[in-house]
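Q: Have a look at this one.
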Amino acid sequence: MGNQSRIPVKDADFNNYINLAIPYLTTNKTRLVLTATAQANLTSVTAILTTAGTGWNSVYQLAINPAAATTSTIATKGTIRAQIETLLRAIYADIPKSVLTQIDRDTLNIALPTNIYTAATKPTSLPSLTISERSHLSVTINILDVAHSQNLTNVPDATKIDLEAAFLPEGTKAPEGFPQESDFHHVATLGKSFYNRTYTADQLRGTEYLKACYLSSRNEPGGWSEIITVVVA
C-alpha cells in the first residue's frame, strides 16, 4: 500500500532498527495482514538477519571490530544491508495503511503519509435559477447562490453546477404530481453561473421544468433549487 519507512542511514542505527523491527513484524504479522508473499519475505529477511556466521548480526560484528574486519567483510556487510532494505520495503508496501497504529509507525519508523486528502463535503449552498433573457427558441438562465446572490466563483463549497430538466409538450396534460424525480434528465454540468438553453422547433409552446444543484470538487451534489418553468416561445 505504499508505506514508506525511514530506514536509518548509519550502520549502528540500522543495526538497532532491524533487530527491533524484524522481530516486531514477526510477532504482529497476522494483525498487520501480511500476504503470503510478504510472509515469505519476512522469513527470508529473518534468516538474513540471524543466520550464524553469514547473517547480518554475525557479519556486522566482524565488520565493526578493527581486529577482525577485512575488505571482504565490509563489502559483505553492505550487500546484506541492501538485501534487508529491499525485503523490508516490500513487506511495508504490503501492509494496509488502515491497520497501522501509532505504535506500529513509531517502531517501524513509518511516517504518516503527507498526501492525506480530506474528502470534499457536499455543498450546503443552494442555487436559485432565473431567466435573464428570452429569444425565439432560446433562454438564458442565471444561477446564483440563494443566501448571498453570488455566482459560482464565489460559492465556497462548490465548483460546478448540475442542471436537470423535465419537458411537457404543448397540449399534453401533466400527470398528477408532475414533474417527479424520474421525469428529470441531465442537461448540463456547468462551470459558470449562466447557461444558454436552446430548443428545437418541435418543442415550441411546450413547457420545460428546470432545477439545479451545486457539485463539490468531487462531484458530490448538494440540495436542489426550486423548480422554474419555461414556456418555449
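Labels used: A, B, ... for chains in the order of the C-alpha cells, numbers from 1 for residues in each chain, and numbers from 1 for ligands as shown.
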Tell me which protein, DNA and RNA residues are within 10 Å of Leu210 (chain A), counting only C-alpha atoms, leaving out same-chain ones fewer than 3 positions away, and put them as a count of residues only.

A: 18

Q: Go through region 50-201 of chain A and collect every residue that DSSP, computed from the backbone, puts in strand (DSSP E or B); the answer should be as a ChimeraX atom specification.

A: /A:110,127-135,138-145,160-168,185-190,194-198

Q: Skipping near chain neighbours, those fewer than 2 positions away, what residues fall within 12 Å of Leu215 (chain A) using only C-alpha atoms, listed as a PyMOL selection string?

A: chain A and resi 120-127+152+155-163+189-191+212-213+217-224

Q: Smallest atom-to-atom distance to Thr198 (chain A): which of A:Asn41, A:Asn109, A:Thr73, A:Ser135, using only C-alpha atoms?

A: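 The shortest atom-to-atom distance to Thr198 (chain A) comes from A:Ser135.
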
Q: Quick one: pick out all helix (DSSP H, G or I) residues within region 13-131 of chain A from a backbone DSSP run and write them as an NGL selection string.

A: :A and (13-27 or 36-50 or 56-63 or 71-94 or 97-99 or 102-108)

Q: Do you know which residues are at most 6 Å from region 2-10 of chain A counting only C-alpha atoms, after dropping those on the same chain fewer than 3 positions away, and could you put them as a ChimeraX atom specification?

A: /A:13-14,92-93,109-110

Q: Which one is closest to Ile91 (chain A): A:Arg105, A:Arg134, A:Lys29, A:His148? Count only C-alpha atoms.

A: A:Lys29

Q: Name the residues in contact with Leu88 (chain A) at a cut-off of 12 Å, using only C-alpha atoms, excluding same-chain residues fewer than 5 positions from it; report them as an MDAnalysis selection string.

A: chainID A and resid 3:7 17:18 21:22 25:26 38:46 48:49 81:83 93:95 108:110

Q: Can you list, as a PyMOL selection string, every protein, DNA or RNA residue that comes within 8 Å of region 58-60 of chain A when you count only C-alpha atoms, leaving out same-chain residues fewer than 5 positions away?

A: chain A and resi 50-53+73+76-77

Q: Find the residues near Gln203 (chain A): any atom within 7 Å, counting only C-alpha atoms, skip ones fewer than 3 places away on the same chain, and give them as a list of chain:residue names.

A: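 Counting only the stated atoms, we get A:Pro169, A:Tyr199, A:Thr200, A:Gly206, A:Val232.
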
Q: Please compute the CA of Lys192 (chain A)-CA of Val231 (chain A) distance, one decimal, in Å.

A: 23.7 Å

Q: Return the single residue from A:Thr71, A:Thr101, A:Asn196, A:Thr86 that is closest to Ser132 (chain A), with distances computed using only C-alpha atoms.

A: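 Smallest separation from Ser132 (chain A) among the options: A:Asn196.
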
Q: Out of A:Arg31, A:Arg197, A:Glu170, A:Phe178, which residue has the shortest atom-to-atom distance to Leu100 (chain A) when counting only C-alpha atoms?

A: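 Residue with the minimum atom-to-atom distance to Leu100 (chain A): A:Arg31.
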
Q: What does the structure give for the distance between CA of Glu176 (chain A) and CA of Ser138 (chain A), in Å to one decimal?

A: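 CA of Ser138 (chain A) lies at a distance of 27.8 Å from CA of Glu176 (chain A).
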
Q: Check the smallest atom-to-atom distance from each of A:Thr30, A:Ser182, A:Asn65, A:Asn154 to Val99 (chain A) using only C-alpha atoms, then report the winner.

A: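 That would be A:Thr30, the residue with the smallest distance to Val99 (chain A).
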
Q: Could you check which of A:Asn15, A:Thr172, A:Thr140, A:Thr153 is closest to Gly55 (chain A), using only C-alpha atoms?

A: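 For Gly55 (chain A), the nearest of the given residues is A:Asn15.
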
Q: So how many Å separate CA of Asn57 (chain A) and CA of Pro96 (chain A), to one decimal?

A: 29.4 Å
